[in-house]
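Step one of this worksheet: look at the structure below.
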Amino acid sequence: MENITLIIDGKNVSCQKGVTLLKAADDYGIEIPTLCYHPDLKPAGACRLCLVEDEKTKRLMASCVTPAAQNMVILTDSPRVIKHRRNIARLMMAEHPESCLVCNKGNRCKLRRIAARLGVGEIGLYPMPNYKRLEHVNPFIIRDLSKCILCGKCIRADHELVVVGAIDYNLRGFKSRPATVHDRALEQSSCTFCGTCVSMCPTGALAPKNTRYVGTPERESLSICGFCGVGCSLFLGVAKEQVVEVNPSHLHDTVNGATLCVRGYFAHDFLNAGERLTRPMVRNNGELVFTSWEEALERVAKRLLDIKRENGPQNVAFLGSSKCTNEENYIFQKMARSILKTNNVDNGGYIYGQSFWDRIDEKTGSRYGMQPLARLLEEEVIFVLGADPNQSVPVVGYYLKRAARQGIPLVIVDPRHTELVDFSSIWLRISPNSDLELINGLAALLFKGKGYDFDFIVRFTHGFDQYRAGLSCVDLDRSSRITGVDVSIMEVTAELLHGKKIAFVIGHGILKQRYGLQILDAIFNLSLMTGNLVSQGAGLYLIASENNQVGSRDMGAVPYALPCRKSLNDDEARRRFEDVWQTDISPDQGLNMVQMIEEAEKGSLKSIYIMGENPIRSLPQPDRVRKALDKLDFIVVQDIIRNETTEIADVVLPGAAFSEKGGSFTNLEGRIQSFELVVSPPGEAKPDWEIITLLTSKMGDGLSYRSLEEIRDEIIELVPMYAHRNGNRYAKWVDERGERKPLHVDGTQRGFSFCSLASTEEETFDDGYPFTAILGSCCYHLGSGTRTSYSKRIREMDSRGEVEISLEDGMNLGLNNGDTIRVISQFGSLKREIRLKRRIKAGLIFVPMAFHQNDARNLIRLSQLCTLDSSGWNTCKVKIEKI
Ligand code: FES
């Protein structure tokens, strides 16, 4: 790119041709005031406050939209410029209402700040406040458009960043304002309440509800969102030692930039819920009663050691958390392995696709399922399977929609019409649980049409001949029959994929199917055959649903591996840990989360220590899980909030939420992000790592860490890929990959190995249960909804979680919108209201998860994921009764 030189305020400035004057000045530390400009949005030139003067031509120009040119001489604060800026500010102020004194924006109002800097005291114009109706029915956003200065940032953020299109300019002149289609209330529009527009608004025209008029937060601290696996960077606004406001950080190089989702922006009010645990409790005579830390920890230490001594270490289990920090999961599993001598360690990430990474590690020897999300914008085709990112991980959804708007074709595989389908080039509307047949069919067509990368296959893979032989036997008519997708549509899809750089975005929806791992293998094969696994940006993007799902596994909170994902069977690795930990470690694999429940049910497990998980709400068949846990002799629950599992605990230890402690999370890109304490934990609650340190000292064999840094140093020693953590709030990538090479060594052959081709059995139709229920997420809740259901705003917005049924089925069953039905499966039932939908296929129903204590879990059988005897976790056969 050509470089040019010019003079700004007497400084010689050099910049690339095409760069705006605003950017050129900013790069040299010359500040120009702006209102409608944001670095993540296309410049609009709407407010004109960024005026500068061209000294040669005497022209005044908006610097945010004017490209710098060779030899320009620019003045950013000449008397003419200042005079015009003042006049613009005065005109805006004249139109502004006089509610500044009570406006929540307070001193953060950009208009007020700019006016003050320009010395606009007396406006000197006839005030013409542009009063508009206050809109505040929804529980999230208050719109006071009297304060709108028409900068258009909210509209551009909506269109360009979150790509929803809920609002646009309405009317002209003095009446002009941002509005929804037909000027409906926000709650009746397509607005997803992600809050991005609120955080962009320079005045108080948009404000988060419930914090309005509580005053400006006393301080704002940087942190990382504690909900989903995206790991958004945010500012927590604090007043009176409580988090009262959240905003995206808007910082460069963060995964989310200026965006958040409804949970990240609005659901953090759960942190202040009255149900937070604030004091330790022990069960005495059947009742949970408050006690001191001393007594609670002594009871836990004694009972766990007694059970280990009397019944053996296999009778104790530890369920860590995909929500707790890396440091906490590290010492949690170390306590289990080095003091209680058991590998019965798992974490809640089991439910959300932990096996993804295991399988990909096994096949590649490295983290080929993680990449920066920004690379999605460099792909040639994006293939989305087993995921509805707009609901489960909305920021991933924004990337996909932006990619589609940029012209990158999306192929969406989903039995349901999701929001992403409207952005897709091809929607493969498959029958539930038929993904494997679809991928096999596409692979066979690609192979037939020579859509493979022969050079890559020869250089980097083995086993292709066998795979090819399998592909030549794929019966496309059978695939079409099972998937419900016409062969002609599969052919068009194969054509689209042919020779392209493909990103495979995969959600845990595939692992919740009976053939989950086989589907992942089939995608892996497809990415190998098309040469996409190692090319920059292309390949696999695995979606982690929970904030530290990746890190808890890296830290060894799993029954089959030590930290750094070292297999327990790896003698050399085990010895290294034994040396550092000064203990013996059993090579025997422990129990996973479901096996813990199964063993408790059989009476062959006596005790469980649960940190930051709520298995009674998150696992299938909650009544069965509760009964199994009730059989245990001793249950410890360490958590931040009252929930179904704390209610049956023998000891409850109050932990600190992410905002109340330091630590680090690893996001779905593999980005390790550390954060610090923002507010103190409530009451006597403590960070989980401190609780474990205190507890182990009571066991006489203490993990004697005096600070988080000491734990981090040990992690860095044993998990070298975490050495990149730079101790600051922003961490570097775990793995700065340039060109990636296959690392896997299999016998004597180097390279990636094709998996053998699997196939599904054709499902038999069950007369007694004529509908297929699809269980899926909804953007208002995360996972089982334990935390989000304590958000007052989320509860107010959508507490019903209606079951969606096709119009056709509704008519046949005599159902109307709002009717209550009972959905019954072989394993349980639930009662919900219904919503009739045009866009759902007859025979299917959709049940949103996390509502009503996550009763959707009643419908499915508790079984281990990804085993062939599992009937799957996200679909089941049901019947419907009108109540
Ligand atoms: Fe340039 Fe508004 S910032 S016109």
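Chain labels run A, B, ... following the order of the structure tokens; each chain numbers its residues from 1, and ligands are numbered from 1 in the order shown.
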What are the closest atom pairs, with distances in Å to one decimal, for each residue of chain A lying within 9 Å of ligand 1, using only C-alpha atoms and all ligand atoms, rows by chain and rising residue number, as CSV?
```
residue,atom,partner,partner_atom_place_in_ligand_line,distance
A:Leu22,CA,ligand 1,1 (Fe),8.1
A:Ile32,CA,ligand 1,3 (S),8.6
A:Pro33,CA,ligand 1,3 (S),7.1
A:Thr34,CA,ligand 1,3 (S),3.8
A:Leu35,CA,ligand 1,3 (S),4.8
A:Cys36,CA,ligand 1,2 (Fe),4.0
A:Tyr37,CA,ligand 1,3 (S),4.3
A:His38,CA,ligand 1,3 (S),8.0
A:Pro43,CA,ligand 1,1 (Fe),7.2
A:Ala44,CA,ligand 1,4 (S),6.4
A:Gly45,CA,ligand 1,4 (S),3.3
A:Ala46,CA,ligand 1,4 (S),4.5
A:Cys47,CA,ligand 1,2 (Fe),3.8
A:Arg48,CA,ligand 1,4 (S),3.6
A:Leu49,CA,ligand 1,2 (Fe),5.4
A:Cys50,CA,ligand 1,1 (Fe),4.5
A:Leu51,CA,ligand 1,1 (Fe),7.0
A:Met61,CA,ligand 1,1 (Fe),8.9
A:Ala62,CA,ligand 1,1 (Fe),5.1
A:Ser63,CA,ligand 1,1 (Fe),5.9
A:Cys64,CA,ligand 1,1 (Fe),4.3
A:Val65,CA,ligand 1,1 (Fe),6.6
A:Cys151,CA,ligand 1,2 (Fe),6.9
```
**OP:** Within region 43-142 of chain A, find each residue whose DSSP state, derived from the backbone, is strand (DSSP E or B), and express the selection as a ChimeraX atom specification.
**Re:** /A:51-54,60-62,67,73-75,134-135,141-142
**OP:** Counting only C-alpha atoms, figure out which residue out of A:Arg263, A:Tyr368, A:Ser545, A:Arg575 gets nearest to Val396 (chain A).
**Re:**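 With only C-alpha atoms as the atom set, the closest residue is A:Ser545.
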Subject >> Residue neighbourhood Arg706 (chain A), 12 Å, only C-alpha atoms, exclusion window fewer than 2 positions, as a VMD selection string >> reply: chain A and resid 689 to 694 697 702 to 704 708 to 713
Original post:
With distances taken over only C-alpha atoms, which of A:Phe754, A:Tyr352, A:Tyr780, A:Tyr126 is nearest to His508 (chain A)?
Top reply: A:Tyr352
Would you give me, as CSV, each residue of region 598-688 of chain A having an atom within 10 Å of an atom of region 271-274 of chain A, along with its shortest atom pair and that distance in Å to one decimal, using only C-alpha atoms and sorting by chain and residue number?
```
residue,atom,partner,partner_atom,distance
A:Ile640,CA,A:Leu271,CA,8.8
A:Ile641,CA,A:Ala273,CA,8.3
A:Arg642,CA,A:Gly274,CA,9.4
A:Ala656,CA,A:Leu271,CA,9.7
A:Ala657,CA,A:Leu271,CA,7.4
A:Phe658,CA,A:Leu271,CA,9.4
A:Ser659,CA,A:Leu271,CA,8.5
A:Glu660,CA,A:Leu271,CA,9.6
A:Pro681,CA,A:Leu271,CA,9.8
A:Pro682,CA,A:Asn272,CA,8.7
```
Keeping only N, CA and C atoms, write the selected residues as an mmCIF file, in the first residue's frame.
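Writing done, so here's part.cif:
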```
data_model
loop_
_atom_site.group_PDB
_atom_site.id
_atom_site.type_symbol
_atom_site.label_atom_id
_atom_site.label_comp_id
_atom_site.auth_asym_id
_atom_site.auth_seq_id
_atom_site.Cartn_x
_atom_site.Cartn_y
_atom_site.Cartn_z
ATOM 1 N N ILE A 640 -21.750 -21.009 44.354
ATOM 2 C CA ILE A 640 -21.981 -19.589 44.646
ATOM 3 C C ILE A 640 -23.430 -19.296 44.971
ATOM 4 N N ILE A 641 -24.328 -20.201 44.591
ATOM 5 C CA ILE A 641 -25.759 -19.872 44.697
ATOM 6 C C ILE A 641 -26.551 -21.120 45.080
ATOM 7 N N ARG A 642 -27.622 -20.922 45.812
ATOM 8 C CA ARG A 642 -28.473 -22.058 46.213
ATOM 9 C C ARG A 642 -28.991 -22.748 44.972
ATOM 10 N N ALA A 656 -16.791 -17.920 45.600
ATOM 11 C CA ALA A 656 -16.860 -16.577 45.020
ATOM 12 C C ALA A 656 -17.094 -16.694 43.519
ATOM 13 N N ALA A 657 -17.894 -15.771 42.972
ATOM 14 C CA ALA A 657 -18.128 -15.752 41.526
ATOM 15 C C ALA A 657 -16.913 -15.130 40.828
ATOM 16 N N PHE A 658 -16.912 -15.175 39.490
ATOM 17 C CA PHE A 658 -15.724 -14.722 38.745
ATOM 18 C C PHE A 658 -15.355 -13.270 39.058
ATOM 19 N N SER A 659 -16.362 -12.449 39.343
ATOM 20 C CA SER A 659 -16.079 -11.028 39.592
ATOM 21 C C SER A 659 -15.497 -10.810 40.987
ATOM 22 N N GLU A 660 -15.507 -11.851 41.787
ATOM 23 C CA GLU A 660 -15.109 -11.693 43.190
ATOM 24 C C GLU A 660 -13.778 -12.378 43.494
ATOM 25 N N PRO A 681 -16.220 -10.927 47.682
ATOM 26 C CA PRO A 681 -17.273 -11.940 47.727
ATOM 27 C C PRO A 681 -18.308 -11.569 48.802
ATOM 28 N N PRO A 682 -19.555 -12.010 48.623
ATOM 29 C CA PRO A 682 -20.578 -11.648 49.610
ATOM 30 C C PRO A 682 -20.376 -12.406 50.927
#
```
